[in-house]
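File shown: run-v3.txt. Contents: compact mmCIF, N, CA and C atoms.
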```txt
# COMPACT_ATOMS: atom_id res chain seq x y z
N MET S 214 0.83 -1.17 0.00
CA MET S 214 0.00 0.00 0.00
C MET S 214 0.89 1.25 0.00
N TYR S 215 0.52 2.18 -0.83
CA TYR S 215 1.24 3.44 -0.94
C TYR S 215 0.23 4.58 -0.84
N GLU S 216 0.72 5.76 -0.45
CA GLU S 216 -0.14 6.93 -0.34
C GLU S 216 0.57 8.13 -0.95
N ILE S 217 -0.24 9.04 -1.47
CA ILE S 217 0.28 10.28 -2.02
C ILE S 217 -0.71 11.39 -1.66
N GLU S 218 -0.18 12.55 -1.29
CA GLU S 218 -1.01 13.71 -1.00
C GLU S 218 -0.66 14.82 -1.97
N GLY S 219 -1.66 15.57 -2.36
CA GLY S 219 -1.44 16.69 -3.26
C GLY S 219 -2.74 17.29 -3.73
N THR S 220 -2.63 18.04 -4.81
CA THR S 220 -3.78 18.74 -5.38
C THR S 220 -4.16 18.11 -6.70
N ILE S 221 -5.46 17.90 -6.90
CA ILE S 221 -5.93 17.33 -8.16
C ILE S 221 -5.67 18.34 -9.28
N LYS S 222 -4.96 17.91 -10.30
CA LYS S 222 -4.68 18.77 -11.45
C LYS S 222 -5.70 18.50 -12.56
N LEU S 223 -5.97 17.23 -12.83
CA LEU S 223 -6.90 16.84 -13.90
C LEU S 223 -7.69 15.61 -13.47
N VAL S 224 -8.93 15.54 -13.92
CA VAL S 224 -9.73 14.33 -13.78
C VAL S 224 -10.24 14.01 -15.18
N PHE S 225 -9.85 12.86 -15.69
CA PHE S 225 -10.23 12.46 -17.04
C PHE S 225 -11.61 11.81 -17.03
N ASP S 226 -12.24 11.75 -18.20
CA ASP S 226 -13.53 11.09 -18.35
C ASP S 226 -13.37 9.58 -18.18
N LYS S 227 -14.45 8.93 -17.80
CA LYS S 227 -14.45 7.47 -17.65
C LYS S 227 -14.32 6.83 -19.02
N GLN S 228 -13.49 5.80 -19.11
CA GLN S 228 -13.31 5.03 -20.35
C GLN S 228 -13.95 3.67 -20.17
N THR S 229 -14.77 3.28 -21.12
CA THR S 229 -15.38 1.95 -21.09
C THR S 229 -14.92 1.21 -22.34
N PHE S 230 -14.38 0.02 -22.14
CA PHE S 230 -13.86 -0.77 -23.24
C PHE S 230 -14.88 -1.80 -23.69
N ASP S 231 -14.67 -2.40 -24.87
CA ASP S 231 -15.61 -3.37 -25.45
C ASP S 231 -15.91 -4.53 -24.50
N SER S 232 -14.95 -4.89 -23.69
CA SER S 232 -15.12 -6.02 -22.76
C SER S 232 -16.00 -5.65 -21.57
N GLY S 233 -16.33 -4.34 -21.42
CA GLY S 233 -17.11 -3.89 -20.27
C GLY S 233 -16.24 -3.33 -19.15
N PHE S 234 -14.94 -3.44 -19.30
CA PHE S 234 -13.98 -2.93 -18.32
C PHE S 234 -14.03 -1.40 -18.32
N THR S 235 -14.04 -0.79 -17.13
CA THR S 235 -14.05 0.68 -17.03
C THR S 235 -12.82 1.17 -16.28
N LYS S 236 -12.39 2.35 -16.67
CA LYS S 236 -11.21 2.95 -16.07
C LYS S 236 -11.38 4.47 -16.10
N ARG S 237 -10.90 5.14 -15.04
CA ARG S 237 -10.90 6.60 -14.99
C ARG S 237 -9.59 7.04 -14.36
N GLU S 238 -8.92 7.98 -14.98
CA GLU S 238 -7.61 8.44 -14.52
C GLU S 238 -7.69 9.86 -13.98
N PHE S 239 -6.75 10.18 -13.10
CA PHE S 239 -6.63 11.53 -12.56
C PHE S 239 -5.17 11.83 -12.29
N VAL S 240 -4.84 13.11 -12.19
CA VAL S 240 -3.47 13.54 -11.96
C VAL S 240 -3.41 14.31 -10.65
N VAL S 241 -2.46 13.93 -9.79
CA VAL S 241 -2.22 14.60 -8.52
C VAL S 241 -0.88 15.32 -8.61
N THR S 242 -0.86 16.60 -8.26
CA THR S 242 0.39 17.36 -8.17
C THR S 242 0.80 17.38 -6.71
N THR S 243 1.99 16.84 -6.44
CA THR S 243 2.46 16.72 -5.06
C THR S 243 2.85 18.09 -4.51
N ASP S 244 2.82 18.20 -3.18
CA ASP S 244 3.19 19.43 -2.48
C ASP S 244 4.61 19.29 -1.94
N GLU S 245 5.58 19.28 -2.84
CA GLU S 245 6.98 19.11 -2.47
C GLU S 245 7.78 20.30 -2.99
N LYS S 246 9.05 20.34 -2.62
CA LYS S 246 9.91 21.41 -3.12
C LYS S 246 9.94 21.39 -4.64
N PHE S 247 10.00 20.20 -5.22
CA PHE S 247 9.94 20.02 -6.66
C PHE S 247 8.69 19.20 -6.96
N PRO S 248 7.54 19.87 -7.17
CA PRO S 248 6.26 19.16 -7.36
C PRO S 248 6.30 18.19 -8.54
N GLN S 249 5.62 17.07 -8.36
CA GLN S 249 5.53 16.05 -9.38
C GLN S 249 4.07 15.87 -9.78
N ASP S 250 3.81 15.67 -11.05
CA ASP S 250 2.47 15.34 -11.54
C ASP S 250 2.42 13.82 -11.71
N VAL S 251 1.56 13.18 -10.92
CA VAL S 251 1.49 11.72 -10.90
C VAL S 251 0.10 11.29 -11.38
N LYS S 252 0.07 10.46 -12.44
CA LYS S 252 -1.19 9.95 -12.97
C LYS S 252 -1.54 8.64 -12.26
N ILE S 253 -2.77 8.60 -11.75
CA ILE S 253 -3.27 7.43 -11.03
C ILE S 253 -4.58 7.01 -11.68
N GLU S 254 -4.89 5.74 -11.66
CA GLU S 254 -6.14 5.27 -12.27
C GLU S 254 -7.04 4.60 -11.25
N CYS S 255 -8.32 4.69 -11.51
CA CYS S 255 -9.33 3.93 -10.77
C CYS S 255 -9.94 2.96 -11.77
N ILE S 256 -10.13 1.72 -11.35
CA ILE S 256 -10.71 0.74 -12.26
C ILE S 256 -12.00 0.17 -11.66
N LYS S 257 -12.84 -0.30 -12.56
CA LYS S 257 -14.12 -0.93 -12.23
C LYS S 257 -14.94 -0.07 -11.29
N ASP S 258 -15.38 -0.63 -10.15
CA ASP S 258 -16.25 0.10 -9.23
C ASP S 258 -15.53 1.24 -8.50
N LYS S 259 -14.21 1.27 -8.51
CA LYS S 259 -13.45 2.34 -7.86
C LYS S 259 -13.53 3.66 -8.64
N CYS S 260 -14.06 3.63 -9.86
CA CYS S 260 -14.25 4.87 -10.63
C CYS S 260 -15.18 5.83 -9.89
N ASP S 261 -16.06 5.28 -9.06
CA ASP S 261 -17.00 6.10 -8.29
C ASP S 261 -16.29 7.00 -7.27
N LEU S 262 -15.05 6.68 -6.91
CA LEU S 262 -14.29 7.50 -5.97
C LEU S 262 -14.11 8.93 -6.48
N LEU S 263 -14.14 9.09 -7.80
CA LEU S 263 -13.87 10.41 -8.40
C LEU S 263 -15.13 11.25 -8.61
N GLU S 264 -16.29 10.75 -8.22
CA GLU S 264 -17.53 11.47 -8.46
C GLU S 264 -17.58 12.82 -7.76
N GLN S 265 -17.05 12.94 -6.56
CA GLN S 265 -17.10 14.18 -5.78
C GLN S 265 -15.79 14.96 -5.82
N ILE S 266 -14.87 14.57 -6.70
CA ILE S 266 -13.55 15.19 -6.78
C ILE S 266 -13.46 16.04 -8.04
N GLU S 267 -12.84 17.21 -7.91
CA GLU S 267 -12.64 18.06 -9.07
C GLU S 267 -11.27 18.73 -8.99
N ALA S 268 -10.84 19.31 -10.09
CA ALA S 268 -9.53 19.99 -10.14
C ALA S 268 -9.45 21.05 -9.04
N GLY S 269 -8.31 21.08 -8.36
CA GLY S 269 -8.08 22.04 -7.29
C GLY S 269 -8.29 21.47 -5.90
N ASP S 270 -8.95 20.31 -5.79
CA ASP S 270 -9.18 19.68 -4.49
C ASP S 270 -7.88 19.10 -3.94
N LYS S 271 -7.67 19.25 -2.63
CA LYS S 271 -6.55 18.59 -1.94
C LYS S 271 -7.02 17.19 -1.57
N VAL S 272 -6.20 16.18 -1.88
CA VAL S 272 -6.59 14.80 -1.62
C VAL S 272 -5.42 13.97 -1.08
N LYS S 273 -5.79 12.84 -0.52
CA LYS S 273 -4.83 11.78 -0.19
C LYS S 273 -5.33 10.53 -0.87
N ALA S 274 -4.50 9.97 -1.74
CA ALA S 274 -4.88 8.78 -2.49
C ALA S 274 -4.06 7.59 -1.99
N SER S 275 -4.75 6.50 -1.70
CA SER S 275 -4.09 5.24 -1.36
C SER S 275 -4.14 4.38 -2.61
N PHE S 276 -3.01 3.76 -2.97
CA PHE S 276 -2.96 3.02 -4.22
C PHE S 276 -2.01 1.84 -4.13
N ASN S 277 -2.15 0.93 -5.09
CA ASN S 277 -1.25 -0.19 -5.26
C ASN S 277 -0.49 -0.01 -6.56
N ILE S 278 0.71 -0.55 -6.62
CA ILE S 278 1.50 -0.51 -7.84
C ILE S 278 1.30 -1.83 -8.57
N ARG S 279 0.93 -1.74 -9.83
CA ARG S 279 0.72 -2.92 -10.66
C ARG S 279 1.66 -2.83 -11.86
N GLY S 280 2.32 -3.92 -12.17
CA GLY S 280 3.22 -3.96 -13.32
C GLY S 280 2.91 -5.16 -14.19
N ASN S 281 3.14 -5.00 -15.49
CA ASN S 281 2.95 -6.14 -16.40
C ASN S 281 3.87 -5.99 -17.61
N GLU S 282 3.98 -7.08 -18.34
CA GLU S 282 4.81 -7.13 -19.54
C GLU S 282 3.90 -7.47 -20.71
N TYR S 283 4.10 -6.77 -21.83
CA TYR S 283 3.33 -7.03 -23.04
C TYR S 283 4.26 -6.83 -24.22
N LYS S 284 4.49 -7.91 -24.97
CA LYS S 284 5.37 -7.89 -26.15
C LYS S 284 6.74 -7.31 -25.82
N GLU S 285 7.31 -7.82 -24.74
CA GLU S 285 8.64 -7.47 -24.28
C GLU S 285 8.77 -5.99 -23.88
N ARG S 286 7.66 -5.37 -23.54
CA ARG S 286 7.66 -4.02 -22.98
C ARG S 286 7.01 -4.09 -21.62
N TYR S 287 7.50 -3.27 -20.69
CA TYR S 287 7.02 -3.31 -19.31
C TYR S 287 6.26 -2.04 -18.98
N TYR S 288 5.16 -2.21 -18.26
CA TYR S 288 4.27 -1.12 -17.92
C TYR S 288 4.00 -1.11 -16.42
N VAL S 289 3.82 0.08 -15.88
CA VAL S 289 3.51 0.24 -14.46
C VAL S 289 2.25 1.10 -14.35
N ASN S 290 1.29 0.65 -13.54
CA ASN S 290 0.07 1.40 -13.28
C ASN S 290 -0.07 1.60 -11.79
N LEU S 291 -0.55 2.78 -11.41
CA LEU S 291 -0.87 3.08 -10.01
C LEU S 291 -2.39 3.02 -9.90
N GLN S 292 -2.90 2.03 -9.16
CA GLN S 292 -4.34 1.81 -9.06
C GLN S 292 -4.86 2.23 -7.69
N ALA S 293 -5.66 3.29 -7.69
CA ALA S 293 -6.22 3.82 -6.44
C ALA S 293 -7.32 2.91 -5.93
N TRP S 294 -7.37 2.73 -4.61
CA TRP S 294 -8.44 1.97 -3.98
C TRP S 294 -9.12 2.79 -2.89
N LYS S 295 -8.54 3.95 -2.56
CA LYS S 295 -9.14 4.85 -1.57
C LYS S 295 -8.73 6.27 -1.92
N LEU S 296 -9.68 7.21 -1.80
CA LEU S 296 -9.41 8.60 -2.12
C LEU S 296 -10.12 9.47 -1.10
N GLU S 297 -9.33 10.25 -0.35
CA GLU S 297 -9.88 11.11 0.69
C GLU S 297 -9.69 12.57 0.31
N LYS S 298 -10.75 13.33 0.40
CA LYS S 298 -10.67 14.77 0.19
C LYS S 298 -10.20 15.38 1.50
N LEU S 299 -9.11 16.16 1.45
CA LEU S 299 -8.56 16.76 2.65
C LEU S 299 -9.24 18.10 2.90
N GLY S 300 -9.31 18.49 4.18
CA GLY S 300 -9.93 19.75 4.55
C GLY S 300 -9.18 20.93 3.99
N ALA S 301 -9.85 22.07 3.92
CA ALA S 301 -9.24 23.30 3.39
C ALA S 301 -8.10 23.72 4.30
N GLN S 302 -6.97 23.98 3.74
CA GLN S 302 -5.79 24.41 4.49
C GLN S 302 -5.67 25.93 4.38
N SER S 303 -6.75 26.62 4.66
CA SER S 303 -6.81 28.06 4.45
C SER S 303 -6.77 28.80 5.77
N SER S 304 -6.33 30.05 5.72
CA SER S 304 -6.34 30.88 6.93
C SER S 304 -7.57 31.77 6.95
N ARG S 305 -8.61 31.38 6.25
CA ARG S 305 -9.83 32.17 6.19
C ARG S 305 -10.86 31.60 7.15
N GLY S 306 -11.64 32.49 7.74
CA GLY S 306 -12.70 32.09 8.66
C GLY S 306 -13.91 31.58 7.90
N ALA S 307 -14.95 31.24 8.63
CA ALA S 307 -16.16 30.69 8.02
C ALA S 307 -16.83 31.71 7.11
N GLY S 308 -16.71 32.99 7.40
CA GLY S 308 -17.34 34.01 6.59
C GLY S 308 -16.50 34.43 5.39
N GLY S 309 -15.31 33.84 5.21
CA GLY S 309 -14.46 34.15 4.09
C GLY S 309 -13.44 35.24 4.39
N GLU S 310 -13.57 35.91 5.53
CA GLU S 310 -12.62 36.98 5.87
C GLU S 310 -11.38 36.36 6.49
N GLU S 311 -10.26 37.06 6.34
CA GLU S 311 -9.03 36.55 6.92
C GLU S 311 -9.05 36.76 8.43
N GLU S 312 -8.58 35.75 9.14
CA GLU S 312 -8.52 35.85 10.59
C GLU S 312 -7.20 36.48 11.00
N ALA S 313 -7.24 37.36 11.95
CA ALA S 313 -6.03 38.01 12.44
C ALA S 313 -5.33 37.09 13.42
N PHE S 314 -3.99 37.09 13.39
CA PHE S 314 -3.22 36.29 14.32
C PHE S 314 -3.14 37.04 15.64
N VAL S 315 -3.53 36.38 16.69
CA VAL S 315 -3.47 36.96 18.02
C VAL S 315 -2.58 36.07 18.87
N PRO S 316 -1.39 36.59 19.30
CA PRO S 316 -0.49 35.76 20.10
C PRO S 316 -1.10 35.49 21.47
N PRO S 317 -0.75 34.37 22.08
CA PRO S 317 -1.24 34.08 23.42
C PRO S 317 -0.85 35.20 24.38
N SER S 318 -1.71 35.50 25.31
CA SER S 318 -1.44 36.61 26.23
C SER S 318 -0.17 36.33 27.03
N GLY S 319 0.62 37.38 27.19
CA GLY S 319 1.85 37.27 27.97
C GLY S 319 3.04 36.81 27.16
N GLN S 320 2.84 36.30 25.94
CA GLN S 320 3.96 35.80 25.16
C GLN S 320 4.81 36.96 24.64
N PHE S 321 4.18 38.04 24.21
CA PHE S 321 4.90 39.21 23.73
C PHE S 321 4.52 40.39 24.61
N ASP S 322 5.50 40.96 25.25
CA ASP S 322 5.24 42.07 26.15
C ASP S 322 6.14 43.23 25.74
N ALA S 323 5.57 44.41 25.60
CA ALA S 323 6.35 45.58 25.19
C ALA S 323 7.46 45.89 26.19
N ALA S 324 7.34 45.48 27.44
CA ALA S 324 8.37 45.75 28.45
C ALA S 324 9.63 44.94 28.19
N ASP S 325 9.57 43.89 27.35
CA ASP S 325 10.72 43.05 27.07
C ASP S 325 11.58 43.58 25.93
N ASP S 326 11.30 44.79 25.42
CA ASP S 326 12.04 45.33 24.28
C ASP S 326 13.52 45.49 24.58
N ASP S 327 13.90 45.74 25.84
CA ASP S 327 15.30 45.95 26.16
C ASP S 327 16.12 44.67 26.19
N ASP S 328 15.48 43.51 26.00
CA ASP S 328 16.17 42.23 25.99
C ASP S 328 16.69 41.85 24.61
N LEU S 329 16.48 42.70 23.61
CA LEU S 329 16.90 42.37 22.25
C LEU S 329 18.42 42.42 22.16
N PRO S 330 19.05 41.48 21.44
CA PRO S 330 20.51 41.40 21.37
C PRO S 330 21.14 42.42 20.44
N PHE S 331 20.39 43.31 19.82
CA PHE S 331 20.98 44.29 18.90
C PHE S 331 20.56 45.68 19.19
```
Here is a file; write its structure as structure tokens.
Amino acid sequence: MYEIEGTIKLVFDKQTFDSGFTKREFVVTTDEKFPQDVKIECIKDKCDLLEQIEAGDKVKASFNIRGNEYKERYYVNLQAWKLEKLGAQSSRGAGGEEEAFVPPSGQFDAADDDDLPF
């Protein structure tokens, strides 16, 4: 089991093949110093995981790595089995206004100005 956290960049349309097999892919951009765009797929009934997800949502995806060989070529797929929408990481209040930072009382006191090393 592997996990990745990031922001949804793209959600592709569901693909249905002649055999009845369904697949839906999405791209997660990681929140790292050097962000990576990682394509992950949902197959069969797991396609429903993407119904409430859209571009810009912060998510955590749990997935398995699947590999196979076809005509002497090797392929790797990341198959999601769980997708969690993460809460808003915003500094905005419920009304949309920015909340002011208020330090705990006593932590900053104007009388301590003479303790500065410069």
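Nearest residue to Phe234 in chain S among S:Ser275, S:Gln249, S:Lys257, S:Tyr283 is S:Lys257, counting only C-alpha atoms.
Taking atom C of Ile256 in chain S and atom N of Thr220 in chain S as the two end points, the separation is 21.3 Å.
The neighbours of Ala274 in chain S here are the residues that come within 10 Å of it, using only C-alpha atoms and leaving out any residue fewer than 5 positions away in the same chain; they are S:Tyr215, S:Glu216, S:Ile217, S:Glu218, S:Gly219, S:Val241, S:Ile253, S:Gln292, S:Ala293, S:Trp294, S:Lys295, S:Leu296, S:Glu297, S:Lys298.
Among the candidates S:Met214, S:Ile221, S:Leu299, S:Leu291, the residue lying nearest to Lys273 in chain S is S:Leu299 (atoms considered: only N, CA and C atoms).
Counting from atom C of Arg286 in chain S, the distance to atom C of Lys252 in chain S is 18.0 Å.
Between atom C of Asn277 in chain S and atom C of Thr242 in chain S the separation is 17.4 Å.
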